[in-house]
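model.txt (compact mmCIF, C-alpha atoms)
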```txt
# COMPACT_ATOMS: atom_id res chain seq x y z
CA MET A 1183 -53.27 -17.82 57.40
CA CYS A 1184 -49.97 -17.73 55.52
CA LYS A 1185 -50.61 -17.42 51.78
CA ALA A 1186 -47.15 -18.08 50.33
CA LEU A 1187 -43.55 -18.92 51.08
CA VAL A 1188 -41.30 -16.16 49.74
CA ILE A 1189 -37.54 -16.67 49.45
CA THR A 1190 -34.58 -14.49 48.51
CA PRO A 1191 -31.11 -15.94 47.91
CA VAL A 1192 -28.47 -13.39 48.96
CA LYS A 1193 -24.81 -13.01 48.11
CA ASP A 1194 -23.74 -9.63 49.54
CA SER A 1195 -25.12 -6.64 47.52
CA VAL A 1196 -26.31 -5.15 50.80
CA VAL A 1197 -27.97 -2.00 49.44
CA THR A 1198 -30.26 -3.74 46.96
CA THR A 1199 -30.89 -6.62 49.38
CA LEU A 1200 -32.17 -4.24 52.05
CA GLU A 1201 -34.44 -2.60 49.47
CA THR A 1202 -35.76 -6.03 48.54
CA ILE A 1203 -36.34 -6.98 52.18
CA HIS A 1204 -38.24 -3.78 52.93
CA SER A 1205 -40.50 -4.20 49.89
CA VAL A 1206 -41.21 -7.89 50.55
CA CYS A 1207 -42.02 -7.27 54.20
CA SER A 1208 -44.53 -4.58 53.19
CA SER A 1209 -46.78 -7.20 51.56
CA ASP A 1210 -50.52 -6.76 52.02
CA ILE A 1211 -50.96 -10.48 52.73
CA LYS A 1212 -49.43 -12.79 55.31
CA ILE A 1213 -46.36 -14.57 53.99
CA GLU A 1214 -43.48 -16.53 55.40
CA TYR A 1215 -40.20 -14.99 54.29
CA VAL A 1216 -36.88 -16.84 54.23
CA ILE A 1217 -33.55 -15.38 53.21
CA PHE A 1218 -30.79 -17.76 52.20
CA ASN A 1219 -27.40 -16.20 52.89
CA ASP A 1220 -25.07 -17.84 50.38
CA PHE A 1221 -21.60 -17.29 51.90
CA SER A 1222 -21.80 -13.50 52.10
CA THR A 1223 -19.15 -11.57 53.99
CA ASP A 1224 -19.23 -11.40 57.79
CA GLU A 1225 -20.40 -7.79 57.57
CA THR A 1226 -23.31 -8.69 55.28
CA THR A 1227 -24.19 -11.60 57.55
CA ARG A 1228 -24.28 -9.27 60.55
CA ILE A 1229 -26.55 -6.84 58.70
CA LEU A 1230 -28.88 -9.67 57.66
CA THR A 1231 -29.00 -10.97 61.22
CA ASP A 1232 -29.91 -7.53 62.56
CA ASN A 1233 -32.62 -7.10 59.94
CA SER A 1234 -34.06 -10.57 60.56
CA LYS A 1235 -34.85 -9.35 64.07
CA LYS A 1236 -36.25 -6.07 62.76
CA TYR A 1237 -38.47 -7.56 60.03
CA GLY A 1238 -39.10 -11.04 61.40
CA PHE A 1239 -37.88 -13.12 58.46
CA GLU A 1240 -36.07 -16.43 58.82
CA LEU A 1241 -32.37 -16.27 57.99
CA ILE A 1242 -30.64 -19.45 56.83
CA ASN A 1243 -26.86 -19.13 56.63
CA LEU A 1244 -25.82 -21.76 54.11
CA ARG A 1245 -22.31 -21.96 55.57
CA ASP A 1246 -23.98 -23.67 58.56
CA ILE A 1247 -25.31 -26.52 56.43
CA THR A 1248 -22.94 -26.97 53.48
CA PHE A 1249 -19.30 -26.64 52.48
CA SER A 1250 -20.23 -26.16 48.83
CA PRO A 1251 -19.11 -22.72 47.59
CA SER A 1252 -21.57 -20.16 46.29
CA PRO A 1253 -23.77 -20.27 44.25
CA ASN A 1254 -25.94 -22.87 45.99
CA TYR A 1255 -29.21 -22.29 44.15
CA ARG A 1256 -29.95 -26.02 43.85
CA LEU A 1257 -29.75 -26.47 47.63
CA VAL A 1258 -31.84 -23.35 48.20
CA LEU A 1259 -34.57 -24.53 45.84
CA ASN A 1260 -34.72 -27.99 47.40
CA ILE A 1261 -35.06 -26.60 50.92
CA ALA A 1262 -37.66 -24.09 49.77
CA ARG A 1263 -39.74 -26.65 47.85
CA LYS A 1264 -39.86 -28.98 50.85
CA LYS A 1265 -40.93 -26.14 53.13
CA ALA A 1266 -43.60 -24.85 50.70
CA LEU A 1267 -45.09 -28.33 50.30
CA GLU A 1268 -45.20 -28.81 54.08
CA MET A 1269 -47.05 -25.50 54.35
CA ASN A 1270 -49.21 -26.32 51.29
CA VAL A 1271 -48.59 -22.88 49.77
CA PRO A 1272 -47.01 -21.65 46.53
CA LEU A 1273 -43.34 -20.73 46.43
CA ILE A 1274 -42.43 -17.19 45.33
CA ILE A 1275 -38.82 -16.39 44.46
CA VAL A 1276 -37.73 -12.76 44.70
CA GLU A 1277 -34.13 -12.03 43.84
CA SER A 1278 -32.02 -9.56 45.79
CA ASP A 1279 -32.02 -6.91 43.05
CA VAL A 1280 -35.81 -6.63 42.85
CA GLU A 1281 -38.39 -4.44 44.60
CA VAL A 1282 -41.98 -5.65 44.79
CA LYS A 1283 -45.18 -3.74 45.57
CA GLU A 1284 -47.57 -4.30 48.47
CA ASN A 1285 -50.02 -6.24 46.29
CA THR A 1286 -47.51 -8.11 44.11
CA PHE A 1287 -47.87 -11.42 45.93
CA SER A 1288 -51.63 -11.30 46.31
CA GLN A 1289 -51.98 -10.62 42.58
CA LEU A 1290 -49.58 -13.41 41.60
CA ILE A 1291 -51.47 -15.83 43.82
CA GLY A 1292 -54.76 -14.72 42.29
CA ILE A 1293 -53.49 -15.48 38.78
CA SER A 1294 -52.10 -18.85 39.85
CA GLN A 1295 -55.54 -19.79 41.17
CA THR A 1296 -57.55 -18.63 38.16
CA ALA A 1297 -55.30 -19.05 35.10
CA LYS A 1298 -55.66 -22.37 33.35
CA ASN A 1299 -53.31 -25.10 34.61
CA CYS A 1300 -50.78 -22.65 36.02
CA GLY A 1301 -47.31 -23.98 36.72
CA MET A 1302 -45.51 -20.65 37.04
CA VAL A 1303 -46.41 -16.98 36.88
CA GLY A 1304 -43.88 -14.18 36.82
CA SER A 1305 -44.01 -10.42 37.18
CA VAL A 1306 -42.64 -8.40 34.29
CA THR A 1307 -39.55 -6.42 35.27
CA THR A 1308 -39.10 -2.69 34.74
CA ASP A 1309 -36.66 0.07 35.59
CA ALA A 1310 -37.53 2.80 38.10
CA LYS A 1311 -39.33 4.72 35.33
CA GLY A 1312 -41.62 1.80 34.52
CA GLN A 1313 -39.95 0.75 31.28
CA ILE A 1314 -39.67 -3.01 30.70
CA ASN A 1315 -36.07 -4.09 31.11
CA PHE A 1316 -33.87 -7.20 31.24
CA PRO A 1317 -34.72 -10.09 31.13
CA TYR A 1318 -38.04 -9.32 29.41
CA LEU A 1319 -36.93 -6.84 26.76
CA ASN A 1320 -38.39 -9.02 24.01
CA PHE A 1321 -41.85 -8.32 25.49
CA LYS A 1322 -41.52 -4.52 25.50
CA ASN A 1323 -44.23 -4.10 22.84
CA GLU A 1324 -46.67 -6.56 24.40
CA GLU A 1325 -50.18 -5.13 24.83
CA LYS A 1326 -51.84 -7.94 26.78
CA THR A 1327 -51.89 -7.89 30.58
CA LEU A 1328 -51.25 -11.64 30.86
CA VAL A 1329 -49.39 -13.86 28.40
CA ASP A 1330 -49.20 -17.64 28.31
CA THR A 1331 -45.59 -17.92 27.21
CA ARG A 1332 -43.11 -20.53 26.07
CA HIS A 1333 -40.35 -18.06 26.90
CA SER A 1334 -38.45 -19.04 30.04
CA LEU A 1335 -39.47 -17.08 33.10
CA SER A 1336 -36.77 -15.41 35.12
CA PHE A 1337 -36.76 -15.92 38.88
CA CYS A 1338 -36.63 -12.13 39.45
CA CYS A 1339 -40.13 -12.40 40.92
CA THR A 1340 -41.88 -15.63 40.05
CA LEU A 1341 -44.46 -17.89 41.67
CA LEU A 1342 -44.28 -21.68 41.41
CA SER A 1343 -47.67 -23.28 42.01
CA THR A 1344 -48.30 -26.05 44.52
CA GLY A 1345 -49.45 -28.29 41.67
CA PHE A 1346 -46.12 -27.94 39.92
CA LEU A 1347 -44.14 -28.28 43.15
CA ASN A 1348 -45.95 -31.53 43.90
CA LYS A 1349 -45.25 -32.92 40.46
CA PHE A 1350 -41.57 -32.10 40.04
CA SER A 1351 -38.88 -32.90 42.61
CA PHE A 1352 -36.04 -30.41 42.67
CA SER A 1353 -33.72 -33.21 43.68
CA ASN A 1354 -33.73 -33.92 39.94
CA LEU A 1355 -32.17 -30.54 39.14
CA PRO A 1356 -28.80 -31.05 37.41
CA ALA A 1357 -26.02 -30.55 39.93
CA GLU A 1358 -23.60 -29.14 37.34
CA LYS A 1359 -25.72 -26.01 36.73
CA HIS A 1360 -25.69 -22.77 38.74
CA TRP A 1361 -29.05 -21.27 37.78
CA TYR A 1362 -32.34 -23.05 37.12
CA ASP A 1363 -34.94 -20.60 35.84
CA VAL A 1364 -34.63 -21.84 32.25
CA PHE A 1365 -34.53 -25.51 33.27
CA ILE A 1366 -37.52 -25.24 35.61
CA SER A 1367 -39.55 -23.16 33.15
CA ARG A 1368 -39.09 -25.85 30.52
CA LYS A 1369 -39.86 -28.65 32.97
CA SER A 1370 -43.11 -26.94 33.92
CA ARG A 1371 -44.29 -27.01 30.33
CA GLU A 1372 -43.00 -30.55 29.78
CA LEU A 1373 -45.23 -31.66 32.64
CA GLY A 1374 -48.28 -30.10 31.02
CA PHE A 1375 -48.44 -26.84 32.96
CA ARG A 1376 -48.65 -23.32 31.52
CA ASN A 1377 -46.31 -20.47 32.37
CA TYR A 1378 -47.64 -16.92 32.51
CA LEU A 1379 -46.02 -13.50 32.45
CA ALA A 1380 -48.05 -10.72 34.09
CA PHE A 1381 -47.64 -7.22 32.68
CA ASN A 1382 -50.03 -5.59 35.14
CA ILE A 1383 -47.90 -6.71 38.12
CA PRO A 1384 -44.56 -5.01 37.39
CA VAL A 1385 -41.61 -5.13 39.76
CA ILE A 1386 -38.50 -2.96 39.73
CA HIS A 1387 -35.38 -4.81 38.65
CA LYS A 1388 -31.83 -3.54 39.01
CA PRO A 1389 -30.12 -6.06 36.67
CA HIS A 1390 -27.10 -7.91 38.01
CA SER A 1391 -26.79 -5.70 41.09
CA SER A 1392 -26.33 -8.87 43.10
CA ARG A 1393 -23.75 -10.23 40.64
CA PRO A 1394 -21.90 -7.15 39.31
CA TRP A 1395 -19.36 -9.23 37.38
CA LYS A 1396 -22.19 -10.10 34.95
CA GLN A 1397 -22.17 -6.50 33.72
CA LEU A 1398 -19.16 -7.59 31.67
CA LYS A 1399 -21.60 -9.41 29.41
CA TYR A 1400 -22.60 -5.98 28.06
CA ASP A 1401 -19.51 -3.87 28.70
CA ASN A 1402 -16.88 -6.41 27.62
CA PRO A 1403 -18.55 -9.58 26.27
CA PHE A 1404 -15.25 -11.15 25.19
CA LYS A 1405 -13.88 -10.92 28.73
CA TYR A 1406 -17.20 -12.12 30.17
CA TYR A 1407 -17.20 -15.33 28.12
CA ILE A 1408 -13.51 -15.95 28.80
CA LEU A 1409 -14.10 -15.66 32.56
CA LYS A 1410 -17.24 -17.72 32.28
CA LEU A 1411 -15.25 -20.50 30.62
CA ILE A 1412 -12.17 -20.30 32.85
CA LYS A 1413 -13.97 -19.84 36.17
CA LYS A 1414 -16.93 -22.03 35.19
CA ARG A 1415 -19.39 -19.30 36.09
CA ASP A 1416 -23.03 -18.81 35.29
CA LYS A 1417 -24.01 -22.32 34.20
CA ILE A 1418 -27.61 -22.16 32.98
```

Take the structure from the file and write it as structure tokens.
Amino acid sequence: MCKALVITPVKDSVVTTLETIHSVCSSDIKIEYVIFNDFSTDETTRILTDNSKKYGFELINLRDITFSPSPNYRLVLNIARKKALEMNVPLIIVESDVEVKENTFSQLIGISQTAKNCGMVGSVTTDAKGQINFPYLNFKNEEKTLVDTRHSLSFCCTLLSTGFLNKFSFSNLPAEKHWYDVFISRKSRELGFRNYLAFNIPVIHKPHSSRPWKQLKYDNPFKYYILKLIKKRDKI
């Protein structure tokens, strides 16, 4: 029986996306995997189509269902929530610059079923050497294996429980935003759920590989914030 719905939103970044796909499809439990192609190039779309046949995941090309330009995270989350509820399974979001392990999903599901009143549970992110990296650098000295946190969970690799999905409709997500990890993390706690960060279920994160322009935030922050303002990018 399928244990979870796993989704990955994709906007080009073919190399890291293929690494993500391979790792997700190596899961030790049965999952349903959906990739949302958010107006990638024709070449990326062709590669995703070929790999959907190879790995057996469902590919949804958003250009077939909306004229709204990328990013379309709100639409992706609404489709995914509806599908997860129909299947009665948790939703796991894995971004296209992340590599998971074979037992990542089974461990996340185990925590969601045993941790008190779980709304969300995320895997800590590390570099290839196992060092905690963005966006969880403020936890780099944490010694516990599981933390009930008020810190917003990133959607790098995060499970949303069926209880939370049933209680909060994503149709209420603000349309003016681009990204929703902070908003949804806060809503989970507002509704009385707890959010957990698991340090014994690390995943490899290659920060901003899927959105290379965000590297400006570190290399040239002045230019980053100017472009963010002018081009209305990265609304959290």

request  = List every protein, DNA or RNA residue that has at least one atom no more than 12 Å from (-39.2, -25.8, 48.5) in the file's coordinates, counting only C-alpha atoms, and write the result as a PyMOL selection string.
outcome  = chain A and resi 1186-1189+1216+1255-1275+1341-1344+1346-1348+1350-1353

task = Skip stretch 1324-1330 of chain A itself and residues of its chain fewer than 3 positions away, then list as an MDAnalysis selection string all residues within 10 Å of it, counting all atoms listed in the file.
result = chainID A and resid 1293 1297:1298 1300 1302:1306 1320:1321 1333 1376:1383

task = Write out as a ChimeraX atom specification the residues lying within 9 Å of A:Glu1281, counting all atoms listed in the file and excluding same-chain residues fewer than 6 positions away.
result = /A:1198,1201-1206,1339,1385-1388

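Between atom CA of A:Ser1250 and atom CA of A:Leu1355 the interatomic distance comes to 16.0 Å.
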
So for stretch 1268-1283 of chain A, what box centre and size do we get, axis-aligned, 3 Å extra on each of the six sides, every listed atom, Å to one decimal, as lines of an AutoDock Vina configuration file?
```
center_x = -40.6
center_y = -16.3
center_z = 48.6
size_x = 23.2
size_y = 31.1
size_z = 17.5
```

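The point (-25.2, -10.7, 48.0) has these residues within 10 Å of it when only C-alpha atoms are used: Pro1191, Val1192, Lys1193, Asp1194, Ser1195, Val1196, Val1197, Thr1198, Thr1199, Phe1218, Asn1219, Asp1220, Phe1221, Ser1222, Thr1223, Thr1226, Thr1227, Glu1277, Ser1278, Asp1279, Ser1391, Ser1392, Arg1393 and Pro1394 of chain A.
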
key: Pairwise distance for atom CA of A:Asp1246 and atom CA of A:Leu1230, rounded to one decimal in Å   =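 It comes out at 14.9 Å.
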
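In this model, the gap between atom CA of A:Leu1335 and atom CA of A:Ser1367 comes to 6.1 Å.
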
query = Restricting the calculation to all atoms listed in the file, which member of A:Lys1212, A:Lys1311, A:Arg1245, A:Arg1332 is positioned closest to A:Glu1284?
reply = A:Lys1212

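Nearest to A:Lys1349 of all the residues A:Leu1373, A:Ile1366, A:Cys1184, A:Cys1207 is A:Leu1373, based on all atoms listed in the file.
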
Distance criterion (all atoms listed in the file): nearest to A:Tyr1318 out of A:Glu1225, A:Pro1253, A:Ile1213, A:Cys1338 = A:Cys1338

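Candidate residues A:Ile1211, A:Lys1283, A:Pro1384, A:Gly1345 were compared for distance to A:Ile1314, and the nearest is A:Pro1384, using only C-alpha atoms.
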
message = Just want the 10 Å neighbourhood of A:Thr1231, counted on all atoms listed in the file, with same-chain residues fewer than 2 positions away dropped. Output as a VMD selection string.
response = chain A and resid 1219 1225 to 1229 1233 to 1236 1239 to 1243
